[in-house]
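Raw contents of final30.cif, mmCIF, C-alpha atoms and all ligand atoms:
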data_query
#
loop_
_atom_site.label_atom_id
_atom_site.label_comp_id
_atom_site.auth_asym_id
_atom_site.auth_seq_id
_atom_site.Cartn_x
_atom_site.Cartn_y
_atom_site.Cartn_z
CA MET A 1 99.07 136.86 129.50
CA ARG A 2 96.85 133.84 129.24
CA ARG A 3 97.71 130.84 127.12
CA SER A 4 96.94 127.20 126.84
CA TYR A 5 99.12 124.15 126.47
CA LYS A 6 98.15 120.87 124.91
CA PHE A 7 100.12 117.73 125.67
CA LEU A 8 99.76 114.13 124.63
CA LEU A 9 98.94 111.78 127.48
CA ARG A 10 100.66 108.43 127.84
CA PRO A 11 98.04 106.43 129.71
CA THR A 12 98.62 102.83 130.71
CA VAL A 13 95.99 100.35 129.57
CA ARG A 14 94.33 100.68 132.97
CA HIS A 15 94.37 104.47 132.70
CA ALA A 16 92.91 104.35 129.21
CA ILE A 17 90.03 102.19 130.41
CA ALA A 18 89.40 104.55 133.35
CA LEU A 19 89.55 107.61 131.07
CA THR A 20 87.04 106.03 128.70
CA THR A 21 84.72 105.22 131.59
CA CYS A 22 85.15 108.70 133.05
CA LEU A 23 84.29 110.30 129.73
CA ASP A 24 81.34 107.99 129.28
CA ASP A 25 79.98 108.73 132.75
CA HIS A 26 80.25 112.47 132.12
CA ARG A 27 78.38 111.95 128.87
CA THR A 28 75.70 109.94 130.67
CA LEU A 29 75.37 112.73 133.21
CA TYR A 30 75.05 115.29 130.43
CA ASN A 31 72.35 113.27 128.68
CA ALA A 32 70.46 112.56 131.93
CA ALA A 33 70.49 116.26 132.83
CA LEU A 34 69.24 117.06 129.34
CA GLU A 35 66.45 114.47 129.66
CA HIS A 36 65.49 115.99 133.02
CA ARG A 37 65.19 119.45 131.49
CA ARG A 38 63.23 118.18 128.51
CA THR A 39 60.62 116.25 130.46
CA ALA A 40 60.20 118.98 133.06
CA TYR A 41 59.55 121.40 130.25
CA ALA A 42 57.30 119.10 128.20
CA LYS A 43 55.18 117.82 131.11
CA ALA A 44 54.99 120.82 133.41
CA GLY A 45 56.28 123.73 131.35
CA VAL A 46 59.02 124.19 133.95
CA SER A 47 62.55 125.31 133.16
CA VAL A 48 65.14 123.49 135.23
CA ARG A 49 68.18 125.56 136.09
CA TYR A 50 71.83 124.75 136.61
CA GLY A 51 71.63 125.40 140.35
CA GLU A 52 68.97 122.73 140.86
CA GLN A 53 70.80 120.17 138.79
CA SER A 54 74.06 120.90 140.55
CA ALA A 55 72.33 120.46 143.95
CA GLU A 56 70.93 117.13 142.82
CA LEU A 57 74.39 115.93 141.86
CA LYS A 58 75.17 115.31 145.54
CA TYR A 59 72.40 112.68 145.77
CA ILE A 60 73.29 111.08 142.47
CA ARG A 61 76.86 110.65 143.68
CA ALA A 62 75.80 109.30 147.08
CA GLU A 63 73.55 106.69 145.49
CA ASP A 64 76.05 105.68 142.83
CA THR A 65 79.34 105.60 144.70
CA ASP A 66 80.93 103.07 142.32
CA GLY A 67 79.64 104.95 139.28
CA GLN A 68 79.17 108.72 139.17
CA GLY A 69 80.53 108.98 142.71
CA ARG A 70 84.02 108.04 141.52
CA TRP A 71 84.67 111.21 139.62
CA SER A 72 85.35 114.79 140.57
CA PHE A 73 82.34 116.76 141.74
CA SER A 74 83.76 119.85 140.05
CA SER A 75 84.29 118.22 136.67
CA GLN A 76 80.69 116.99 136.82
CA GLN A 77 79.52 120.50 137.62
CA ALA A 78 81.52 121.73 134.64
CA THR A 79 79.63 119.22 132.49
CA LEU A 80 76.29 120.48 133.83
CA ARG A 81 77.40 124.04 133.13
CA ARG A 82 78.19 123.01 129.59
CA LEU A 83 74.61 121.83 129.17
CA ASP A 84 73.41 125.06 130.75
CA LYS A 85 75.40 127.01 128.18
CA ALA A 86 73.81 125.00 125.37
CA PHE A 87 70.37 125.89 126.76
CA GLN A 88 71.22 129.56 127.17
CA ALA A 89 72.41 129.68 123.58
CA PHE A 90 69.20 127.91 122.54
CA PHE A 91 66.97 130.40 124.38
CA ALA A 92 68.98 133.34 123.05
CA ARG A 93 68.35 132.12 119.50
CA VAL A 94 64.64 131.62 120.23
CA LYS A 95 64.48 135.14 121.62
CA ALA A 96 66.16 136.45 118.50
CA GLY A 97 63.24 135.03 116.51
CA ARG A 98 65.07 132.10 114.99
CA THR A 99 64.03 128.47 115.22
CA PRO A 100 67.09 126.70 116.59
CA GLY A 101 67.40 122.98 117.16
CA PHE A 102 66.80 121.85 120.73
CA PRO A 103 70.03 120.88 122.55
CA ARG A 104 70.80 117.32 121.57
CA PHE A 105 71.75 114.14 123.31
CA LYS A 106 75.44 113.41 122.90
CA GLY A 107 76.39 110.20 121.16
CA LYS A 108 79.68 108.46 121.90
CA ASP A 109 81.47 110.37 119.15
CA ARG A 110 80.03 113.74 120.13
CA PHE A 111 81.38 114.01 123.63
CA ASP A 112 85.15 114.10 123.86
CA THR A 113 86.14 116.53 126.63
CA ILE A 114 86.08 116.63 130.43
CA GLU A 115 87.02 119.83 132.22
CA TRP A 116 88.28 120.27 135.76
CA PRO A 117 87.70 123.95 136.43
CA ARG A 118 90.42 124.37 139.03
CA ASP A 119 93.86 122.81 139.42
CA GLY A 120 93.97 120.99 142.76
CA ASP A 121 90.25 120.22 142.78
CA GLY A 122 89.80 116.65 141.59
CA CYS A 123 92.92 116.98 139.49
CA ARG A 124 96.52 118.00 139.95
CA TRP A 125 98.97 119.18 137.33
CA ASP A 126 102.51 117.94 137.87
CA SER A 127 101.34 115.54 140.54
CA GLN A 128 104.76 113.91 141.00
CA PRO A 129 107.17 116.85 140.92
CA GLU A 130 109.93 114.78 142.54
CA HIS A 131 110.07 112.46 139.53
CA PRO A 132 113.42 113.11 137.80
CA SER A 133 112.33 112.95 134.17
CA ALA A 134 108.60 112.49 133.67
CA THR A 135 105.58 114.71 134.24
CA TYR A 136 102.27 113.42 135.54
CA VAL A 137 98.76 114.73 135.91
CA ARG A 138 96.55 113.24 138.59
CA LEU A 139 92.90 112.84 137.71
CA GLN A 140 90.39 111.74 140.34
CA GLY A 141 89.27 108.18 139.70
CA VAL A 142 91.93 107.65 137.03
CA GLY A 143 95.28 108.06 138.77
CA HIS A 144 98.62 109.65 137.89
CA VAL A 145 98.79 109.71 134.11
CA ARG A 146 102.07 110.35 132.41
CA VAL A 147 102.23 113.44 130.18
CA HIS A 148 104.40 113.93 127.13
CA ARG A 149 105.29 117.47 128.17
CA HIS A 150 107.25 118.63 125.13
CA ARG A 151 107.67 122.20 126.36
CA PRO A 152 107.86 123.92 129.73
CA VAL A 153 104.65 125.22 131.27
CA ARG A 154 104.79 128.82 132.46
CA GLY A 155 102.36 130.83 134.54
CA THR A 156 99.67 129.47 136.85
CA VAL A 157 97.60 126.48 135.79
CA LYS A 158 93.92 127.38 136.05
CA THR A 159 91.83 124.75 134.34
CA ILE A 160 92.73 121.23 133.24
CA SER A 161 90.86 119.43 130.48
CA VAL A 162 91.22 116.00 128.99
CA LYS A 163 90.26 115.44 125.41
CA ARG A 164 89.96 112.29 123.34
CA GLU A 165 90.94 112.55 119.69
CA GLY A 166 90.55 109.23 117.92
CA SER A 167 92.61 106.78 119.95
CA ARG A 168 94.74 109.47 121.59
CA TRP A 169 94.23 111.35 124.82
CA TYR A 170 95.41 114.89 125.44
CA VAL A 171 95.59 117.14 128.46
CA ILE A 172 94.92 120.83 127.91
CA LEU A 173 96.06 123.38 130.47
CA SER A 174 94.78 126.90 130.57
CA CYS A 175 97.34 129.12 132.31
CA ASP A 176 97.20 132.66 133.66
CA ASP A 177 100.01 135.13 134.26
CA VAL A 178 102.24 133.61 131.60
CA PRO A 179 105.26 135.92 131.36
CA ALA A 180 106.19 137.36 127.98
CA GLU A 181 109.57 136.28 126.66
CA PRO A 182 110.83 139.10 124.49
CA LEU A 183 113.26 138.19 121.71
CA PRO A 184 116.25 140.31 120.68
CA VAL A 185 115.53 143.17 118.27
CA THR A 186 116.38 142.36 114.65
CA GLY A 187 115.56 145.71 113.01
CA LYS A 188 113.66 143.88 110.29
CA ALA A 189 110.07 143.95 109.05
CA VAL A 190 108.31 141.44 106.85
CA GLY A 191 105.09 141.03 104.91
CA ILE A 192 103.47 137.64 104.56
CA ASP A 193 101.12 136.23 101.96
CA LEU A 194 98.94 133.28 102.88
CA GLY A 195 98.67 130.86 100.01
CA VAL A 196 97.85 127.48 98.64
CA ALA A 197 101.12 126.20 97.20
CA SER A 198 102.83 127.42 100.31
CA LEU A 199 101.07 128.29 103.55
CA VAL A 200 103.17 131.39 104.06
CA THR A 201 105.39 133.34 101.65
CA THR A 202 107.44 136.25 102.95
CA SER A 203 108.31 139.52 101.23
CA ASP A 204 111.92 138.35 101.38
CA GLY A 205 110.96 135.50 99.08
CA ASP A 206 110.97 132.61 101.50
CA PRO A 207 108.20 130.04 101.39
CA LEU A 208 108.00 129.16 105.08
CA ASP A 209 105.97 126.02 104.99
CA ASN A 210 105.34 123.51 102.32
CA PRO A 211 101.93 122.03 102.92
CA ARG A 212 102.51 119.17 100.48
CA HIS A 213 102.49 116.68 103.34
CA LEU A 214 99.19 118.27 104.34
CA ALA A 215 97.85 117.82 100.81
CA VAL A 216 98.85 114.15 100.93
CA SER A 217 96.88 113.73 104.15
CA ALA A 218 93.95 115.57 102.59
CA ASP A 219 93.94 113.25 99.59
CA ARG A 220 94.05 110.22 101.85
CA LEU A 221 91.22 111.67 103.90
CA ALA A 222 89.11 112.27 100.79
CA ARG A 223 89.69 108.69 99.68
CA ALA A 224 88.80 107.34 103.12
CA GLN A 225 85.60 109.38 103.11
CA ARG A 226 84.55 108.03 99.71
CA ASP A 227 85.38 104.57 100.97
CA LEU A 228 83.23 105.14 104.04
CA ALA A 229 80.27 106.24 101.94
CA ARG A 230 80.19 102.82 100.25
CA LYS A 231 80.06 100.82 103.48
CA LYS A 232 76.83 99.35 104.76
CA ARG A 233 75.38 100.87 107.93
CA GLY A 234 76.03 98.85 111.04
CA SER A 235 78.73 96.71 109.43
CA THR A 236 82.15 96.02 110.92
CA ARG A 237 83.77 97.39 107.79
CA ARG A 238 81.90 100.63 108.23
CA ARG A 239 83.02 100.89 111.83
CA LYS A 240 86.62 100.45 110.70
CA ALA A 241 86.19 103.02 107.94
CA VAL A 242 84.80 105.52 110.45
CA ALA A 243 87.83 105.00 112.67
CA ARG A 244 90.13 105.52 109.69
CA VAL A 245 88.45 108.80 108.73
CA ALA A 246 88.70 110.01 112.32
CA ALA A 247 92.40 109.08 112.49
CA LEU A 248 93.14 110.90 109.23
CA HIS A 249 91.24 113.97 110.41
CA ALA A 250 93.40 113.98 113.51
CA GLN A 251 96.54 113.57 111.39
CA VAL A 252 95.58 116.55 109.22
CA ARG A 253 95.01 118.65 112.33
CA ARG A 254 98.34 117.65 113.84
CA ARG A 255 100.28 118.32 110.65
CA ARG A 256 98.60 121.66 110.18
CA LEU A 257 99.43 122.70 113.73
CA ASP A 258 102.99 121.52 113.43
CA GLY A 259 103.57 123.44 110.19
CA ALA A 260 101.90 126.54 111.60
CA HIS A 261 104.03 126.49 114.76
CA LYS A 262 107.25 126.16 112.78
CA ALA A 263 106.38 128.94 110.33
CA ALA A 264 105.20 131.28 113.09
CA LEU A 265 108.33 130.66 115.13
CA ALA A 266 110.60 131.43 112.17
CA LEU A 267 108.78 134.74 111.70
CA VAL A 268 108.91 135.97 115.29
CA VAL A 269 112.57 134.99 115.58
CA GLY A 270 113.50 136.79 112.37
CA TYR A 271 111.43 139.98 112.42
CA ASP A 272 110.33 142.79 114.76
CA VAL A 273 107.34 143.79 112.65
CA ILE A 274 105.15 141.29 110.82
CA VAL A 275 102.40 142.38 108.44
CA CYS A 276 99.70 139.93 107.43
CA GLU A 277 96.37 139.94 105.67
CA ASP A 278 93.23 140.65 107.62
CA LEU A 279 91.69 137.22 107.29
CA ARG A 280 88.10 138.41 107.69
CA VAL A 281 88.56 140.38 104.50
CA THR A 282 90.63 137.69 102.78
CA ASN A 283 88.00 135.04 103.22
CA MET A 284 85.36 137.24 101.67
CA THR A 285 87.39 138.30 98.67
CA ARG A 286 88.92 134.91 97.93
CA ARG A 287 85.73 132.94 97.95
CA ALA A 288 85.27 133.48 94.20
CA ALA A 289 83.49 130.66 92.38
CA PRO A 290 85.87 128.67 90.19
CA LYS A 291 85.40 129.20 86.47
CA PRO A 292 85.43 126.01 84.38
CA ASP A 293 87.57 126.47 81.24
CA GLY A 294 85.53 123.95 79.29
CA GLU A 295 88.26 121.33 79.25
CA GLY A 296 87.62 119.80 82.60
CA GLY A 297 90.16 122.08 84.23
CA TYR A 298 89.88 125.52 85.69
CA LEU A 299 91.03 128.94 84.69
CA PRO A 300 94.02 130.14 86.64
CA ASN A 301 92.01 131.90 89.30
CA GLY A 302 92.99 129.25 91.79
CA GLY A 303 89.44 127.94 91.79
CA ALA A 304 90.45 124.32 91.48
CA ALA A 305 93.06 124.41 94.15
CA LYS A 306 90.91 126.51 96.42
CA SER A 307 87.77 124.47 96.39
CA GLY A 308 86.43 121.37 98.03
CA LEU A 309 88.18 119.55 100.78
CA ASN A 310 91.61 120.99 100.11
CA ARG A 311 90.11 124.41 100.23
CA GLY A 312 88.46 123.73 103.56
CA ILE A 313 91.68 122.46 105.02
CA LEU A 314 93.67 125.45 103.83
CA ASP A 315 90.98 127.85 104.99
CA ALA A 316 91.14 126.50 108.47
CA GLY A 317 94.92 126.42 108.16
CA TRP A 318 95.17 130.18 107.66
CA GLY A 319 93.04 130.90 110.70
CA VAL A 320 95.01 128.48 112.85
CA PHE A 321 98.28 129.91 111.60
CA LEU A 322 97.35 133.53 112.32
CA THR A 323 96.09 132.62 115.78
CA ILE A 324 99.36 130.89 116.60
CA LEU A 325 101.35 133.74 115.07
CA SER A 326 99.52 136.37 117.13
CA HIS A 327 100.16 134.44 120.35
CA LYS A 328 103.84 134.00 119.57
CA ALA A 329 104.18 137.63 118.47
CA GLU A 330 102.61 138.86 121.70
CA SER A 331 104.78 136.61 123.80
CA ALA A 332 107.94 137.69 121.99
CA GLY A 333 107.07 141.39 122.06
CA ARG A 334 106.74 141.59 118.26
CA GLU A 335 104.40 143.86 116.37
CA LEU A 336 101.76 142.17 114.22
CA ILE A 337 99.78 144.33 111.79
CA ALA A 338 96.78 143.14 109.78
CA VAL A 339 95.96 144.92 106.53
CA ASN A 340 93.16 144.79 104.02
CA PRO A 341 94.50 142.45 101.31
CA ALA A 342 92.42 143.97 98.48
CA HIS A 343 94.49 144.33 95.28
CA THR A 344 97.71 143.12 96.91
CA SER A 345 97.89 140.19 94.51
CA ARG A 346 97.31 142.18 91.33
CA THR A 347 99.35 145.31 92.08
CA CYS A 348 102.91 145.58 90.80
CA SER A 349 105.28 145.92 93.74
CA ARG A 350 107.76 147.86 91.59
CA CYS A 351 105.63 150.48 89.78
CA GLY A 352 102.27 150.23 91.53
CA HIS A 353 100.29 149.40 88.39
CA CYS A 354 97.15 147.50 89.39
CA ALA A 355 95.41 145.20 86.90
CA LYS A 356 94.21 141.65 86.99
CA GLU A 357 96.15 140.97 83.77
CA ASN A 358 99.34 141.35 85.83
CA ARG A 359 98.61 138.00 87.33
CA ARG A 360 99.30 135.61 84.49
CA THR A 361 99.06 132.35 86.39
CA GLN A 362 98.62 131.29 89.98
CA ALA A 363 102.38 131.45 90.47
CA GLU A 364 103.63 134.16 88.13
CA PHE A 365 103.30 137.91 88.33
CA ALA A 366 104.23 139.95 85.24
CA CYS A 367 103.51 143.68 85.20
CA THR A 368 101.93 144.78 81.91
CA VAL A 369 103.36 148.30 82.29
CA CYS A 370 106.92 148.07 83.62
CA GLY A 371 107.60 144.41 82.81
CA HIS A 372 108.48 143.51 86.40
CA ILE A 373 108.40 139.74 86.81
CA ALA A 374 108.16 138.07 90.20
CA HIS A 375 106.73 135.14 92.06
CA ALA A 376 103.08 136.11 92.57
CA ASP A 377 103.08 135.35 96.30
CA VAL A 378 106.30 137.25 96.93
CA ASN A 379 104.95 140.23 94.99
CA ALA A 380 101.79 140.14 97.11
CA ALA A 381 103.80 139.83 100.33
CA ILE A 382 105.82 142.95 99.41
CA ASN A 383 102.58 144.87 98.84
CA ILE A 384 101.25 143.64 102.16
CA LEU A 385 104.42 144.75 103.93
CA ARG A 386 104.19 148.19 102.32
CA ALA A 387 100.53 148.59 103.29
CA GLY A 388 101.33 147.61 106.87
CA LEU A 389 104.25 150.01 107.18
CA ALA A 390 102.10 152.82 105.77
CA LEU A 391 99.40 152.01 108.31
CA ARG A 392 101.98 152.06 111.10
CA GLU A 393 103.40 155.37 109.87
CA ALA A 394 99.91 156.90 109.78
CA ALA A 395 99.13 155.62 113.28
CA ARG A 396 102.33 157.21 114.60
CA ALA A 397 101.63 160.55 112.90
CA ALA A 398 98.12 160.66 114.36
ZN ZN B 401 105.02 147.45 87.22
#
How does this structure look as C-alpha cells?
Ligand SMILES: [Zn+2]
Amino acid sequence: MRRSYKFLLRPTVRHAIALTTCLDDHRTLYNAALEHRRTAYAKAGVSVRYGEQSAELKYIRAEDTDGQGRWSFSSQQATLRRLDKAFQAFFARVKAGRTPGFPRFKGKDRFDTIEWPRDGDGCRWDSQPEHPSATYVRLQGVGHVRVHRHRPVRGTVKTISVKREGSRWYVILSCDDVPAEPLPVTGKAVGIDLGVASLVTTSDGDPLDNPRHLAVSADRLARAQRDLARKKRGSTRRRKAVARVAALHAQVRRRRLDGAHKAALALVVGYDVIVCEDLRVTNMTRRAAPKPDGEGGYLPNGGAAKSGLNRGILDAGWGVFLTILSHKAESAGRELIAVNPAHTSRTCSRCGHCAKENRRTQAEFACTVCGHIAHADVNAAINILRAGLALREAARAA
C-alpha cells in the first residue's frame, strides 16, 4: 500500500530563512526555464525539452555556487520536470483542439512546493535517528529541520516534499509498502449520509462531526475576503488583508482535515462494512439551484445552506472525507461500498414510499403514507446502508 504523511515542520529562524530562499530559488529556476522555452519557441520555432534543460542545470549550478548551486540537483530536476508536465498538458490541450493558456510564470504566492524525488538524495528523512525524542529531516542547503511527527511513519519513504502554507512549513512523505493494520471484526455494518448540518450522519443515528467550528471559520473567511476587496492595491493594509485571508484558508483546511480524520477513524473502528454515497453522483444531483421563497429566505431545499462559500467548503469537505475514509478502510481491512444516492433522502426507510413531500424540512422526514417520522439524515443513511447491502448481496450471488 502507498500512502503519504504530512507533518508540520518546526524550523528555527535560520531554517525558515533558508527554506524561503530555497523555495524562491526553485521558483526562479522554474521561471527561467519557462522563459528559455518561450523565447526559443518565439524566435526560432524550437521546442526545448526537459533533457536539454536538465543538462544545462550543471552549468547553472557551477556558475552560481552560492545561489542555485546550494540546493539539491535532484530537487531542481524535479522542478524542471514540473514545468515539463505543464508544457505537456498545454500541448495535449492544443492537440485536442482547445485554446489553453500558455504555461505561466509563477509569482511568489503561486509556487509553494519543492520535491526531492528520492529519500537520501539531497534530503534525508529521520536524519538524526539517535535523538531520543525528536524527529528531523535533513534538507540540502537548509540543515536538519525538526519535524512535529504526530504519528509513526510506516513503509519505505520514497519522495520528500516541503510545502509552505501561509507562515507554516510542512514536510510531506510519500511512502511505499505501508503494511495494512487490520482492526478486529465487529460484525456491524453502517450507512452514512453526507450532510450540511453534520458532515456525516450514520444509520445508527450518530452525527459524527459537527462542522460548526468549520462554519465559524468560513464566516470569518468570507468577512476577510470582503475586507480585502475594499483595500487599495499596493497598500500595506492590503498586504495584511491578503495574509489574513491566506491564514484563514489554511485554518479552514486544517479544521476540515481534522474533523474528517476523526469521523473516518470512528467509522473504521466501529464497523466492518461502511456504505457511502457515490460522490460523483451526489454532486450532480445536489447541485440544484436554490429557490427564493420571496421573503429573502429560501425554500427548504437546502439551497441557502448549500450555496456560496459555505457550499464550496462543504463540497470539498465531502471529497476530502471520503478520500480519508477509503484510505483508512483499506488500511484497516474494512469494506467500503459506494452507492447511487438517488432517492435516498426522499424514500421512507420503514415502508419504502418515495415522494419529495416526505421531506418536510431540511432536518425532518415524515412519511406521508405510514407516518414514520425520523431525522432526515438518519433516514437517508438507513436507505444508503440498505442499498449497499443489496449491492453486496448481488455481487456475492453473481
Ligand atoms: Zn413510510
Distance in Å - atom CA of A:Gly122 versus atom CA of A:Ser174
15.9 Å
Hey, which residues sit close to ligand ZN 401 (chain B)? Say within 12 Å, counting only C-alpha atoms and all ligand atoms, and write them as a short mmCIF file (atom, residue, chain, number, x, y, z; two decimals) with C-alpha atoms, in the frame of the given file.
data_model
loop_
_atom_site.label_atom_id
_atom_site.label_comp_id
_atom_site.auth_asym_id
_atom_site.auth_seq_id
_atom_site.Cartn_x
_atom_site.Cartn_y
_atom_site.Cartn_z
CA ARG A 346 97.31 142.18 91.33
CA THR A 347 99.35 145.31 92.08
CA CYS A 348 102.91 145.58 90.80
CA SER A 349 105.28 145.92 93.74
CA ARG A 350 107.76 147.86 91.59
CA CYS A 351 105.63 150.48 89.78
CA GLY A 352 102.27 150.23 91.53
CA HIS A 353 100.29 149.40 88.39
CA CYS A 354 97.15 147.50 89.39
CA ALA A 355 95.41 145.20 86.90
CA GLU A 357 96.15 140.97 83.77
CA ASN A 358 99.34 141.35 85.83
CA ARG A 359 98.61 138.00 87.33
CA PHE A 365 103.30 137.91 88.33
CA ALA A 366 104.23 139.95 85.24
CA CYS A 367 103.51 143.68 85.20
CA THR A 368 101.93 144.78 81.91
CA VAL A 369 103.36 148.30 82.29
CA CYS A 370 106.92 148.07 83.62
CA GLY A 371 107.60 144.41 82.81
CA HIS A 372 108.48 143.51 86.40
CA ILE A 373 108.40 139.74 86.81
CA ALA A 374 108.16 138.07 90.20
CA ASN A 379 104.95 140.23 94.99
#
Coordinates-based distance that separates atom CA of A:Ala381 from atom CA of A:Lys262 (Å, one decimal):
18.8 Å
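Nearest to A:Ser345 of all the residues A:Arg149, A:His375, A:Lys232, A:His327 is A:His375, counting all atoms listed in the file.
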With distances taken over only C-alpha atoms, which of A:Arg223, A:Arg14, A:Arg280, A:Arg27 is nearest to A:Val142?
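Ranked by minimum distance to A:Val142, first place goes to A:Arg14.
Each of A:Phe73, A:Tyr30, A:Tyr170, A:Tyr5 was checked against A:Pro117 using all atoms listed in the file; the smallest atom-to-atom distance is that of A:Phe73.
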For atom CA of A:Ala260 and atom CA of A:Ala134, quote the distance in Å rounded to one decimal.
27.0 Å
So, with only C-alpha atoms as the atoms that count, which of A:Val162, A:Val153, A:Ala33, A:Ile60 lies closest to A:Thr20?
A:Val162
So which residues are close to (100.3, 102.2, 134.1), meaning at most 12 Å away in the file's coordinates with all atoms listed in the file counted, and can you show them as a PyMOL selection string?
chain A and resi 9-18+136+142-146
Would you list the residues near (99.5, 120.6, 130.3) (no more than 6 Å away, in the coordinates of the file, using all atoms listed in the file) as a ChimeraX atom specification?
/A:5-7,171-173
Name all residues at most 10 Å from A:Arg82 (count only C-alpha atoms; drop same-chain ones fewer than 4 positions away) and give them as a CSV table (one decimal) with C-alpha atoms, in the frame of the given file.
chain,number,residue,atom,x,y,z
A,30,TYR,CA,75.0,115.3,130.4
A,50,TYR,CA,71.8,124.8,136.6
A,76,GLN,CA,80.7,117.0,136.8
A,77,GLN,CA,79.5,120.5,137.6
A,78,ALA,CA,81.5,121.7,134.6
A,86,ALA,CA,73.8,125.0,125.4
A,87,PHE,CA,70.4,125.9,126.8
A,88,GLN,CA,71.2,129.6,127.2
A,115,GLU,CA,87.0,119.8,132.2
Check the smallest atom-to-atom distance from each of A:Ala89, A:Gly317, A:Leu214, A:Lys328 to A:Leu265 using all atoms listed in the file, then report the winner.
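Among the listed residues, the smallest separation from A:Leu265 belongs to A:Lys328.
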